[in-house]
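Here is the file upload-v2.txt (compact mmCIF, C-alpha atoms and all ligand atoms).
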```txt
# COMPACT_ATOMS: atom_id res chain seq x y z
CA MET H 1 110.82 92.79 67.63
CA GLU H 2 112.40 93.73 64.29
CA GLU H 3 110.97 97.21 64.64
CA ASN H 4 112.32 97.49 68.19
CA MET H 5 115.80 96.54 67.08
CA GLU H 6 115.63 99.31 64.49
CA LEU H 7 114.51 101.78 67.14
CA HIS H 8 117.33 100.58 69.35
CA GLN H 9 119.90 101.09 66.60
CA ALA H 10 118.49 104.50 65.72
CA LEU H 11 118.66 105.65 69.33
CA LYS H 12 122.19 104.33 69.69
CA LYS H 13 123.13 106.31 66.60
CA CYS H 14 121.88 109.51 68.22
CA GLY H 15 124.41 108.79 70.95
CA LYS H 16 121.76 107.91 73.53
CA GLU H 17 123.08 105.73 76.25
CA PHE H 18 121.12 102.51 76.74
CA MET H 19 120.08 101.30 80.16
CA LYS H 20 118.93 97.86 81.15
CA THR H 21 115.62 98.26 82.92
CA ALA H 22 112.94 96.19 84.65
CA PHE H 23 109.26 96.95 85.09
CA ILE H 24 107.77 95.00 87.99
CA TYR H 25 104.11 94.18 87.68
CA ASN H 26 101.41 91.63 88.49
CA ASP H 27 97.90 91.37 87.03
CA LYS H 28 96.64 90.65 90.53
CA PHE H 29 97.34 94.24 91.65
CA ALA H 30 94.04 95.45 90.25
CA THR H 31 92.02 92.72 91.98
CA PHE H 32 92.43 94.31 95.43
CA ASP H 33 89.94 96.85 96.67
CA TYR H 34 90.18 99.20 99.67
CA GLY H 35 86.43 99.87 99.33
CA ARG H 36 84.23 101.90 97.00
CA ASP H 37 84.73 105.27 98.68
CA HIS H 38 88.44 104.90 99.42
CA PRO H 39 90.69 107.23 97.38
CA LEU H 40 93.44 104.64 96.78
CA LYS H 41 92.44 102.64 93.71
CA PRO H 42 94.75 99.69 92.96
CA SER H 43 93.14 99.64 89.49
CA ARG H 44 95.30 102.71 88.64
CA LEU H 45 98.25 100.30 88.37
CA LYS H 46 96.54 98.31 85.61
CA LEU H 47 95.67 101.55 83.83
CA THR H 48 99.33 102.58 83.98
CA TYR H 49 100.48 99.19 82.74
CA GLU H 50 98.06 99.40 79.81
CA LEU H 51 99.12 102.91 78.82
CA ILE H 52 102.78 101.89 78.97
CA ARG H 53 102.03 98.84 76.86
CA SER H 54 100.04 100.82 74.30
CA TYR H 55 103.12 102.98 73.71
CA GLY H 56 105.14 99.80 73.05
CA LEU H 57 107.35 100.50 76.07
CA LEU H 58 107.25 96.95 77.41
CA SER H 59 108.83 95.42 74.33
CA LEU H 60 111.98 97.55 74.17
CA PRO H 61 115.03 95.32 73.67
CA ASP H 62 116.66 96.27 76.98
CA ALA H 63 113.51 96.41 79.11
CA LEU H 64 112.28 93.41 81.06
CA CYS H 65 108.75 93.05 82.35
CA VAL H 66 108.94 90.97 85.51
CA GLU H 67 106.05 89.39 87.39
CA ALA H 68 106.00 90.44 91.05
CA GLU H 69 106.15 87.68 93.69
CA PRO H 70 104.83 88.11 97.24
CA ALA H 71 107.31 88.91 100.03
CA SER H 72 107.78 86.32 102.81
CA ASP H 73 107.16 86.87 106.54
CA GLU H 74 110.94 87.01 106.99
CA ASP H 75 111.10 89.88 104.50
CA LEU H 76 108.36 91.77 106.36
CA VAL H 77 110.10 91.47 109.73
CA LEU H 78 113.12 93.25 108.29
CA PHE H 79 111.13 96.25 109.52
CA HIS H 80 107.78 95.28 111.07
CA ASP H 81 106.97 93.66 114.43
CA ARG H 82 105.70 90.08 114.34
CA ASP H 83 102.60 90.95 116.44
CA TYR H 84 101.64 93.54 113.86
CA ILE H 85 102.12 91.07 110.99
CA GLU H 86 99.69 88.68 112.76
CA VAL H 87 97.09 91.46 113.01
CA LEU H 88 97.52 92.16 109.27
CA LYS H 89 97.19 88.46 108.42
CA ALA H 90 93.93 88.20 110.38
CA GLY H 91 92.72 91.45 108.77
CA GLY H 92 93.38 90.00 105.34
CA GLU H 93 91.06 87.10 106.20
CA GLY H 94 88.40 89.61 107.16
CA ILE H 95 88.96 88.99 110.89
CA ARG H 96 89.28 92.04 113.10
CA LEU H 97 91.43 91.02 116.07
CA PRO H 98 90.66 92.83 119.34
CA GLY H 99 92.83 95.91 119.60
CA ALA H 100 93.29 96.20 115.81
CA GLU H 101 92.66 99.95 116.15
CA TYR H 102 95.87 100.26 118.20
CA PHE H 103 97.67 99.10 115.07
CA GLY H 104 95.95 101.78 112.98
CA LEU H 105 93.42 99.43 111.37
CA GLY H 106 89.74 100.15 111.05
CA PRO H 107 87.21 102.27 109.18
CA GLY H 108 88.79 105.27 107.44
CA ASP H 109 92.28 105.49 105.97
CA ASN H 110 93.39 101.92 106.65
CA PRO H 111 90.33 99.72 106.32
CA ILE H 112 90.29 96.00 107.02
CA PHE H 113 89.48 94.42 103.66
CA LYS H 114 89.72 90.92 102.34
CA GLY H 115 93.14 90.40 100.80
CA LEU H 116 94.86 93.32 102.54
CA PHE H 117 97.70 91.07 103.69
CA GLU H 118 98.12 89.48 100.28
CA TRP H 119 98.12 92.96 98.71
CA SER H 120 100.77 94.18 101.14
CA ARG H 121 102.94 91.11 100.59
CA LEU H 122 102.69 91.42 96.83
CA ILE H 123 103.60 95.10 96.60
CA THR H 124 106.48 94.57 99.04
CA GLY H 125 107.68 91.58 97.02
CA ALA H 126 107.60 93.78 93.90
CA SER H 127 109.79 96.45 95.49
CA LEU H 128 112.17 93.82 96.88
CA GLN H 129 112.43 92.30 93.42
CA ALA H 130 113.29 95.72 92.00
CA ALA H 131 115.99 96.19 94.67
CA LYS H 132 117.40 92.72 94.07
CA MET H 133 117.67 93.13 90.29
CA VAL H 134 119.41 96.48 90.64
CA GLU H 135 121.72 95.30 93.43
CA SER H 136 122.83 92.22 91.49
CA GLY H 137 123.63 94.32 88.42
CA GLU H 138 121.04 92.50 86.30
CA VAL H 139 119.52 95.89 85.46
CA ASP H 140 120.50 99.53 86.01
CA ILE H 141 117.00 100.74 86.80
CA ALA H 142 113.90 98.96 88.10
CA PHE H 143 110.44 100.49 88.47
CA SER H 144 108.00 99.01 90.98
CA ILE H 145 104.87 101.09 90.37
CA SER H 146 102.85 99.43 93.13
CA GLY H 147 105.38 100.37 95.82
CA GLY H 148 106.22 103.55 97.68
CA LEU H 149 103.82 103.05 100.61
CA HIS H 150 105.93 105.31 102.79
CA HIS H 151 103.65 106.00 105.79
CA ALA H 152 103.50 102.54 107.41
CA MET H 153 105.27 102.43 110.79
CA ARG H 154 106.94 99.47 112.52
CA SER H 155 103.67 98.29 114.09
CA MET H 156 101.11 100.72 112.75
CA ALA H 157 99.20 101.14 109.51
CA SER H 158 99.00 104.77 108.40
CA GLY H 159 97.94 106.82 105.37
CA PHE H 160 96.67 103.85 103.27
CA CYS H 161 99.95 101.97 103.93
CA TYR H 162 100.07 98.68 105.87
CA VAL H 163 103.61 97.56 105.07
CA ASN H 164 106.45 99.99 104.37
CA ASP H 165 107.95 98.56 101.17
CA PRO H 166 110.51 101.39 100.72
CA VAL H 167 112.01 100.67 104.16
CA ILE H 168 112.10 96.90 103.51
CA ALA H 169 113.68 97.37 100.08
CA ILE H 170 116.30 99.73 101.57
CA MET H 171 116.99 97.31 104.46
CA SER H 172 117.57 94.49 101.94
CA LEU H 173 120.18 96.67 100.20
CA VAL H 174 121.85 97.81 103.43
CA LYS H 175 122.11 94.15 104.50
CA LYS H 176 124.18 93.57 101.36
CA GLY H 177 126.50 96.40 102.34
CA ARG H 178 125.08 98.97 99.92
CA ARG H 179 125.01 102.66 100.65
CA VAL H 180 121.52 103.95 99.93
CA ALA H 181 119.99 107.39 99.45
CA TYR H 182 116.20 107.66 99.47
CA VAL H 183 114.53 110.52 97.59
CA ASP H 184 110.76 111.01 97.94
CA ILE H 185 108.75 113.48 95.84
CA ASP H 186 105.23 112.48 96.95
CA ALA H 187 102.95 115.35 98.09
CA HIS H 188 103.05 113.84 101.60
CA HIS H 189 106.05 113.66 103.92
CA ALA H 190 107.83 110.27 103.91
CA ASP H 191 107.39 109.93 107.68
CA GLY H 192 107.64 106.12 107.91
CA VAL H 193 110.91 106.00 105.99
CA GLN H 194 112.36 108.96 107.90
CA ASP H 195 111.42 107.30 111.20
CA ALA H 196 113.08 104.00 110.28
CA PHE H 197 116.45 105.64 109.57
CA TYR H 198 116.29 108.72 111.83
CA ALA H 199 119.23 107.72 114.02
CA THR H 200 121.61 106.35 111.39
CA ASP H 201 124.02 107.81 108.85
CA MET H 202 123.87 104.61 106.78
CA VAL H 203 120.87 105.84 104.82
CA LEU H 204 120.26 109.41 103.66
CA THR H 205 116.55 110.24 103.36
CA ILE H 206 115.31 113.29 101.48
CA SER H 207 111.62 114.18 101.24
CA ILE H 208 110.18 117.11 99.28
CA HIS H 209 106.48 117.50 100.02
CA GLU H 210 103.65 119.90 100.82
CA THR H 211 104.18 121.47 104.23
CA GLY H 212 102.89 119.55 107.24
CA ASN H 213 101.07 122.73 108.29
CA MET H 214 98.55 121.98 105.56
CA LEU H 215 98.71 118.26 104.93
CA PHE H 216 98.83 114.78 106.45
CA PRO H 217 100.91 113.51 108.24
CA GLY H 218 101.74 116.95 109.71
CA THR H 219 105.50 116.32 109.87
CA GLY H 220 108.50 116.87 107.59
CA PHE H 221 109.68 120.32 108.65
CA GLU H 222 113.18 121.43 107.73
CA ARG H 223 114.28 121.27 111.36
CA GLU H 224 113.68 117.49 111.46
CA THR H 225 117.24 116.57 110.51
CA GLY H 226 117.89 113.25 112.28
CA LYS H 227 119.31 112.37 115.69
CA GLU H 228 122.43 110.78 117.20
CA ASN H 229 124.55 109.28 114.37
CA GLY H 230 121.80 110.24 111.96
CA ARG H 231 122.05 113.99 112.53
CA GLY H 232 121.96 115.61 109.10
CA TYR H 233 120.87 112.41 107.34
CA SER H 234 117.14 113.21 107.34
CA VAL H 235 116.44 116.07 104.97
CA ASN H 236 113.04 117.71 104.57
CA ILE H 237 111.94 120.29 102.03
CA PRO H 238 108.42 121.44 102.95
CA MET H 239 106.75 123.32 100.09
CA PRO H 240 103.95 125.89 100.42
CA PRO H 241 100.52 124.86 99.10
CA TYR H 242 99.94 125.86 95.43
CA SER H 243 103.65 125.60 94.61
CA ASP H 244 104.19 125.18 90.85
CA ASP H 245 106.69 123.35 88.63
CA GLU H 246 109.18 126.20 88.73
CA LEU H 247 109.42 126.15 92.53
CA PHE H 248 109.46 122.33 92.64
CA VAL H 249 112.29 122.00 90.11
CA PHE H 250 114.19 124.89 91.75
CA ALA H 251 113.97 123.37 95.26
CA PHE H 252 114.88 119.89 94.03
CA THR H 253 117.87 121.12 92.00
CA GLU H 254 119.29 123.27 94.79
CA ILE H 255 119.25 120.47 97.36
CA VAL H 256 119.07 116.94 95.99
CA PRO H 257 121.95 116.68 93.45
CA PRO H 258 124.54 118.37 95.75
CA LEU H 259 123.54 116.15 98.69
CA ILE H 260 123.69 112.98 96.59
CA GLN H 261 127.07 114.06 95.30
CA LYS H 262 128.33 114.51 98.86
CA PHE H 263 126.82 111.30 100.25
CA ARG H 264 127.92 109.14 97.28
CA PRO H 265 125.35 106.33 97.47
CA ASP H 266 125.72 103.04 95.57
CA ILE H 267 122.00 103.01 94.88
CA VAL H 268 119.24 105.61 94.93
CA VAL H 269 115.77 104.44 95.95
CA SER H 270 113.10 106.94 95.05
CA GLN H 271 109.39 107.32 95.61
CA LEU H 272 107.64 108.93 92.64
CA GLY H 273 104.24 109.83 94.13
CA VAL H 274 102.12 111.99 91.84
CA ASP H 275 99.52 113.29 94.29
CA SER H 276 101.52 116.53 93.91
CA LEU H 277 99.98 117.18 90.49
CA HIS H 278 97.43 119.99 90.25
CA SER H 279 94.23 117.97 89.83
CA ASP H 280 94.91 115.54 92.66
CA PRO H 281 92.03 115.59 95.16
CA LEU H 282 94.13 114.96 98.30
CA ALA H 283 96.82 117.66 98.22
CA HIS H 284 97.16 121.33 97.28
CA LEU H 285 100.28 121.45 95.11
CA ASN H 286 100.08 122.72 91.54
CA TYR H 287 102.79 120.75 89.75
CA THR H 288 102.20 119.34 86.27
CA ASN H 289 103.71 116.22 84.76
CA ASN H 290 106.20 118.51 82.94
CA GLY H 291 107.83 119.50 86.23
CA PHE H 292 107.54 115.90 87.38
CA CYS H 293 109.44 114.72 84.27
CA GLU H 294 112.14 117.33 84.72
CA VAL H 295 112.74 116.08 88.25
CA VAL H 296 112.62 112.42 87.17
CA ARG H 297 115.29 113.18 84.53
CA LYS H 298 117.49 114.80 87.17
CA MET H 299 116.89 111.83 89.47
CA LYS H 300 118.11 109.53 86.70
CA ASP H 301 121.22 111.66 86.15
CA ILE H 302 122.25 111.58 89.82
CA SER H 303 121.53 107.87 90.45
CA PRO H 304 124.45 105.48 89.95
CA LYS H 305 121.82 102.72 90.05
CA TRP H 306 118.17 103.35 90.59
CA VAL H 307 115.24 101.61 92.29
CA ALA H 308 112.13 103.65 91.46
CA LEU H 309 108.89 103.10 93.37
CA GLY H 310 105.37 104.41 92.79
CA GLY H 311 103.53 106.25 95.54
CA GLY H 312 100.46 108.41 96.01
CA GLY H 313 98.21 109.53 93.17
CA TYR H 314 94.44 109.77 93.47
CA ASP H 315 93.55 111.15 90.05
CA VAL H 316 94.01 107.88 88.20
CA SER H 317 94.62 109.31 84.73
CA ASN H 318 97.39 111.51 86.18
CA VAL H 319 99.02 108.42 87.60
CA ALA H 320 98.94 106.52 84.31
CA LYS H 321 100.28 109.50 82.33
CA ALA H 322 103.03 110.51 84.75
CA TRP H 323 104.39 107.00 85.34
CA THR H 324 104.30 106.19 81.63
CA LEU H 325 106.40 109.32 81.02
CA ALA H 326 108.73 108.30 83.86
CA TRP H 327 109.18 104.81 82.41
CA ALA H 328 109.98 106.34 79.00
CA ILE H 329 112.65 108.53 80.65
CA MET H 330 114.12 105.50 82.42
CA ASN H 331 114.49 103.86 79.01
CA ASN H 332 115.80 106.98 77.20
CA VAL H 333 112.84 106.96 74.87
CA GLU H 334 111.00 110.08 73.72
CA ILE H 335 107.31 109.27 73.28
CA PRO H 336 104.77 111.20 71.18
CA ASP H 337 102.33 113.45 72.97
CA GLU H 338 99.34 111.78 71.29
CA ILE H 339 98.08 108.88 73.38
CA PRO H 340 97.70 105.77 71.19
CA LYS H 341 94.20 105.47 69.78
CA ASP H 342 93.60 101.89 70.89
CA PHE H 343 94.15 102.99 74.51
CA LEU H 344 91.86 106.01 74.14
CA ASP H 345 89.14 103.84 72.58
CA ARG H 346 89.23 101.55 75.61
CA HIS H 347 89.48 104.26 78.25
CA ALA H 348 87.35 107.11 76.94
CA GLY H 349 85.93 109.22 79.76
CA GLU H 350 88.58 108.24 82.29
CA GLY H 351 90.40 111.57 82.28
CA PHE H 352 92.15 111.28 78.92
CA ARG H 353 89.90 113.77 77.12
CA SER H 354 92.74 115.92 75.79
CA GLY H 355 94.19 112.84 74.08
CA LYS H 356 97.66 114.09 75.10
CA ILE H 357 100.00 112.54 77.63
CA ARG H 358 101.71 115.79 78.67
CA ASP H 359 99.93 118.43 80.76
CA ASP H 360 99.67 122.06 79.70
CA ALA H 361 102.29 124.25 81.34
CA TYR H 362 101.13 126.02 84.49
CA THR H 363 102.87 128.81 86.39
CA GLU H 364 101.74 130.74 89.46
CA LYS H 365 102.26 134.51 89.18
CA GLY H 366 102.16 137.74 91.12
CA GLU H 367 102.40 138.52 94.80
CA GLN H 368 101.36 135.03 95.92
CA LYS H 369 104.19 133.50 93.87
CA GLU H 370 106.78 135.87 95.33
CA LYS H 371 105.59 135.00 98.83
CA MET H 372 105.95 131.29 98.07
CA ARG H 373 109.38 131.81 96.54
CA LYS H 374 110.55 133.60 99.68
CA GLU H 375 109.26 130.78 101.87
CA VAL H 376 111.02 128.16 99.75
CA GLU H 377 114.27 130.15 99.72
CA GLU H 378 114.24 130.33 103.50
CA VAL H 379 113.88 126.56 103.78
CA LEU H 380 116.66 125.95 101.25
CA GLY H 381 118.90 128.43 103.06
CA PHE H 382 118.39 126.57 106.33
CA ILE H 383 119.24 123.21 104.73
CA LYS H 384 122.36 124.59 103.05
CA ASP H 385 123.60 126.22 106.27
CA GLU H 386 122.64 123.56 108.81
CA VAL H 387 122.44 120.23 106.99
CA PHE H 388 124.95 120.28 104.12
CA PRO H 389 127.98 120.53 106.46
CA LEU H 390 126.86 117.38 108.35
CA ILE H 391 126.88 114.99 105.36
CA ARG H 392 130.00 112.87 104.88
CA ALA H 393 130.88 110.61 101.95
ZN ZN U 1 100.96 111.04 99.12
```

Can you dump the structure from the file as structure tokens?
Amino acid sequence: MEENMELHQALKKCGKEFMKTAFIYNDKFATFDYGRDHPLKPSRLKLTYELIRSYGLLSLPDALCVEAEPASDEDLVLFHDRDYIEVLKAGGEGIRLPGAEYFGLGPGDNPIFKGLFEWSRLITGASLQAAKMVESGEVDIAFSISGGLHHAMRSMASGFCYVNDPVIAIMSLVKKGRRVAYVDIDAHHADGVQDAFYATDMVLTISIHETGNMLFPGTGFERETGKENGRGYSVNIPMPPYSDDELFVFAFTEIVPPLIQKFRPDIVVSQLGVDSLHSDPLAHLNYTNNGFCEVVRKMKDISPKWVALGGGGYDVSNVAKAWTLAWAIMNNVEIPDEIPKDFLDRHAGEGFRSGKIRDDAYTEKGEQKEKMRKEVEEVLGFIKDEVFPLIRA
């Protein structure tokens, strides 16, 4: 504690602004299991927690570590249909109700496994807790690493997501009269969140992702801009496969800060999926955690208050490294590149061979890069011409 106070004072002396932050976590996260061959490993959350702890980032004087509590049925019906909730409950008991496949449940992406309802309630409760602490002013930033399950629809499981915690967290804020912007940097399009707010100008949703021509869920094209009152309030930045940090940071910077400035939200909710990093097995983007951090820093700068959620990430060491770096940024702390030895000793052979937390820089070059740049510029041009004029403060 003494040491932390010293660190605190030293940082204050360098003129660094101090934020109150909350990290939402529960040891139970890692006890759930989608099945041996399923790419989504809840154990990645424990790995992240442990890496963050080994850097001493849970005992900073202005950072709280809060135990996640499960969401109630009433919380879940802020977005989901009651019939669907009943199917999820049965599924969680290992019972497959007739017609479960119509709700997206079954072998494959959204398996029925014991505890699936408890898992969904817990991660939703975590994101709601993050929203509540930020809304009440208790903290400036809250990070719910288990959240960001952005594909779930009103009565349909999709893309490993049973309950859409970003939508429920946003609804809880809107109910309190808050103006919310949602920014999603996962490799996959935030289709469930876009769908929930497609016809309203109350919530601005922005998703930057690998193009739906190449990747699940096959949506998220720039021409999907919202309907009725929501026209202009759904923004999509599809990126070509193999895009690198330079293109990612360029596209983000050209679109997201100016839109946030125009929309003037009270709170930004963001999804920080890291399946966009180069070694992820499920997508084809070539970002590194350096580009990720640059974008996270910008996200922090543009957010008056900030609810940060986790998201995709199927290379578990990438997840732990990237979200540890993100949590350090949220707390204005610069951490050394060398991963603490006690962590490495415990997790040797789990993708931490370099012993460093930051990735090597990676840049695409040549003709292919110029082709990608042109594609991205066309998308950005469309958004600036067609979408920017529709956004009102
Ligand atoms: Zn994803």

Within 7 Å of Ile168 of chain H, counting all atoms listed in the file, which residues qualify if same-chain residues fewer than 6 places away don't, as a PDB file with C-alpha atoms, in the frame of the given file?
```pdb
ATOM      1  CA  LEU H  76     108.360  91.770 106.360  1.00  0.00           C
ATOM      2  CA  LEU H  78     113.120  93.250 108.290  1.00  0.00           C
ATOM      3  CA  PHE H  79     111.130  96.250 109.520  1.00  0.00           C
TER       4      PHE H  79
END
```

Spatial neighbours of Leu204 of chain H, max dist 10 Å, all atoms listed in the file, sep filter under 5 positions, as a PyMOL selection string: chain H and resi 179-183+194+197-198+226+230+232-235+259-260+263-265+268+391

Using C-alpha atoms, can you export the residues from the last selection as a CSV table (one decimal), in the coordinates of the input?
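Resulting contents of again_34.csv:
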```
chain,number,residue,atom,x,y,z
H,179,ARG,CA,125.0,102.7,100.6
H,180,VAL,CA,121.5,104.0,99.9
H,181,ALA,CA,120.0,107.4,99.4
H,182,TYR,CA,116.2,107.7,99.5
H,183,VAL,CA,114.5,110.5,97.6
H,194,GLN,CA,112.4,109.0,107.9
H,197,PHE,CA,116.4,105.6,109.6
H,198,TYR,CA,116.3,108.7,111.8
H,226,GLY,CA,117.9,113.2,112.3
H,230,GLY,CA,121.8,110.2,112.0
H,232,GLY,CA,122.0,115.6,109.1
H,233,TYR,CA,120.9,112.4,107.3
H,234,SER,CA,117.1,113.2,107.3
H,235,VAL,CA,116.4,116.1,105.0
H,259,LEU,CA,123.5,116.2,98.7
H,260,ILE,CA,123.7,113.0,96.6
H,263,PHE,CA,126.8,111.3,100.2
H,264,ARG,CA,127.9,109.1,97.3
H,265,PRO,CA,125.4,106.3,97.5
H,268,VAL,CA,119.2,105.6,94.9
H,391,ILE,CA,126.9,115.0,105.4
```

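Closest approach to ligand ZN 1 (chain U) among H:Arg358, H:Arg231, H:Lys369, H:His189 is made by H:His189 (distances from all atoms listed in the file).
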
Give me, as JSON, numbers by chain, the set of residues whose atoms come within 10 Å of any atom of ligand ZN 1 (chain U), counting all atoms listed in the file. {"H": [148, 149, 150, 151, 159, 160, 184, 185, 186, 187, 188, 189, 190, 209, 210, 215, 216, 217, 271, 272, 273, 274, 275, 276, 280, 282, 283, 311, 312, 313, 314]}

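Across the model, the gap from atom CA of Asp27 of chain H to atom CA of Lys341 of chain H is 22.6 Å.
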
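Across the model, the gap from atom CA of Asn318 of chain H to atom CA of Ser59 of chain H is 23.0 Å.
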
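The smallest atom-to-atom distance between Lys114 of chain H and any of H:Thr48, H:Ser127, H:Asn236, H:Thr31, using only C-alpha atoms, is found for H:Thr31.
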
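With distances restricted to all atoms listed in the file, H:Gly108 is the closest residue to Pro39 of chain H from H:Phe221, H:Gly108, H:Asp81, H:Leu390.
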
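Of the listed residues (H:Ala68, H:Met239, H:Phe252, H:Val319), H:Met239 comes nearest to Lys371 of chain H; the distances count only C-alpha atoms.
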
Which segment 264-299 of chain H residues have any atom within 12 Å of an atom of segment 138-141 of chain H, and for each, what is the nearest pair of atoms with distance in Å to one decimal, counting all atoms listed in the file, rows sorted by chain and number, as a Markdown table?
```
| residue | atom | partner | partner_atom | distance |
| --- | --- | --- | --- | --- |
| H:Asp266 | CA | H:Asp140 | CA | 11.4 |
| H:Ile267 | CA | H:Asp140 | CA | 9.6 |
| H:Val268 | CA | H:Ile141 | CA | 9.7 |
| H:Val269 | CA | H:Ile141 | CA | 9.9 |
| H:Ser270 | CA | H:Ile141 | CA | 11.0 |
| H:Met299 | CA | H:Ile141 | CA | 11.4 |
```

From (101.9, 96.9, 78.8), in the file's coordinates, out to 12 Å: which residues are reached, counting all atoms listed in the file? Answer as a PyMOL selection string. chain H and resi 23-27+45-60+63-66+320+324+327+343

Restricted to C-alpha atoms, what would the selected residues look like written as a PDB file, keeping the file's coordinate frame?
```pdb
ATOM      1  CA  PHE H  23     109.260  96.950  85.090  1.00  0.00           C
ATOM      2  CA  ILE H  24     107.770  95.000  87.990  1.00  0.00           C
ATOM      3  CA  TYR H  25     104.110  94.180  87.680  1.00  0.00           C
ATOM      4  CA  ASN H  26     101.410  91.630  88.490  1.00  0.00           C
ATOM      5  CA  ASP H  27      97.900  91.370  87.030  1.00  0.00           C
ATOM      6  CA  LEU H  45      98.250 100.300  88.370  1.00  0.00           C
ATOM      7  CA  LYS H  46      96.540  98.310  85.610  1.00  0.00           C
ATOM      8  CA  LEU H  47      95.670 101.550  83.830  1.00  0.00           C
ATOM      9  CA  THR H  48      99.330 102.580  83.980  1.00  0.00           C
ATOM     10  CA  TYR H  49     100.480  99.190  82.740  1.00  0.00           C
ATOM     11  CA  GLU H  50      98.060  99.400  79.810  1.00  0.00           C
ATOM     12  CA  LEU H  51      99.120 102.910  78.820  1.00  0.00           C
ATOM     13  CA  ILE H  52     102.780 101.890  78.970  1.00  0.00           C
ATOM     14  CA  ARG H  53     102.030  98.840  76.860  1.00  0.00           C
ATOM     15  CA  SER H  54     100.040 100.820  74.300  1.00  0.00           C
ATOM     16  CA  TYR H  55     103.120 102.980  73.710  1.00  0.00           C
ATOM     17  CA  GLY H  56     105.140  99.800  73.050  1.00  0.00           C
ATOM     18  CA  LEU H  57     107.350 100.500  76.070  1.00  0.00           C
ATOM     19  CA  LEU H  58     107.250  96.950  77.410  1.00  0.00           C
ATOM     20  CA  SER H  59     108.830  95.420  74.330  1.00  0.00           C
ATOM     21  CA  LEU H  60     111.980  97.550  74.170  1.00  0.00           C
ATOM     22  CA  ALA H  63     113.510  96.410  79.110  1.00  0.00           C
ATOM     23  CA  LEU H  64     112.280  93.410  81.060  1.00  0.00           C
ATOM     24  CA  CYS H  65     108.750  93.050  82.350  1.00  0.00           C
ATOM     25  CA  VAL H  66     108.940  90.970  85.510  1.00  0.00           C
ATOM     26  CA  ALA H 320      98.940 106.520  84.310  1.00  0.00           C
ATOM     27  CA  THR H 324     104.300 106.190  81.630  1.00  0.00           C
ATOM     28  CA  TRP H 327     109.180 104.810  82.410  1.00  0.00           C
ATOM     29  CA  PHE H 343      94.150 102.990  74.510  1.00  0.00           C
TER      30      PHE H 343
END
```

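The shortest atom-to-atom distance to Val87 of chain H, with only C-alpha atoms taken into account, belongs to H:Met156 out of H:Val167, H:Asn213, H:Glu74, H:Met156.
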
Within 9 Å of (99.6, 111.7, 79.6) in the file's own coordinates, which protein, DNA or RNA residues have an atom, counting all atoms listed in the file? List them as a PyMOL selection string. chain H and resi 51+289+317-325+337-339+352+354-359

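Nearest to Arg82 of chain H of all the residues H:Ser155, H:Tyr34, H:Leu380, H:Ser120 is H:Ser155, counting only C-alpha atoms.
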
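In this structure, atom CA of Gly212 of chain H sits 27.7 Å away from atom CA of Ser303 of chain H.
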
What lies within 6 Å of Tyr242 of chain H using all atoms listed in the file, ignoring chain neighbours under 6 positions off, as an MDAnalysis selection string? chainID H and resid 284:286
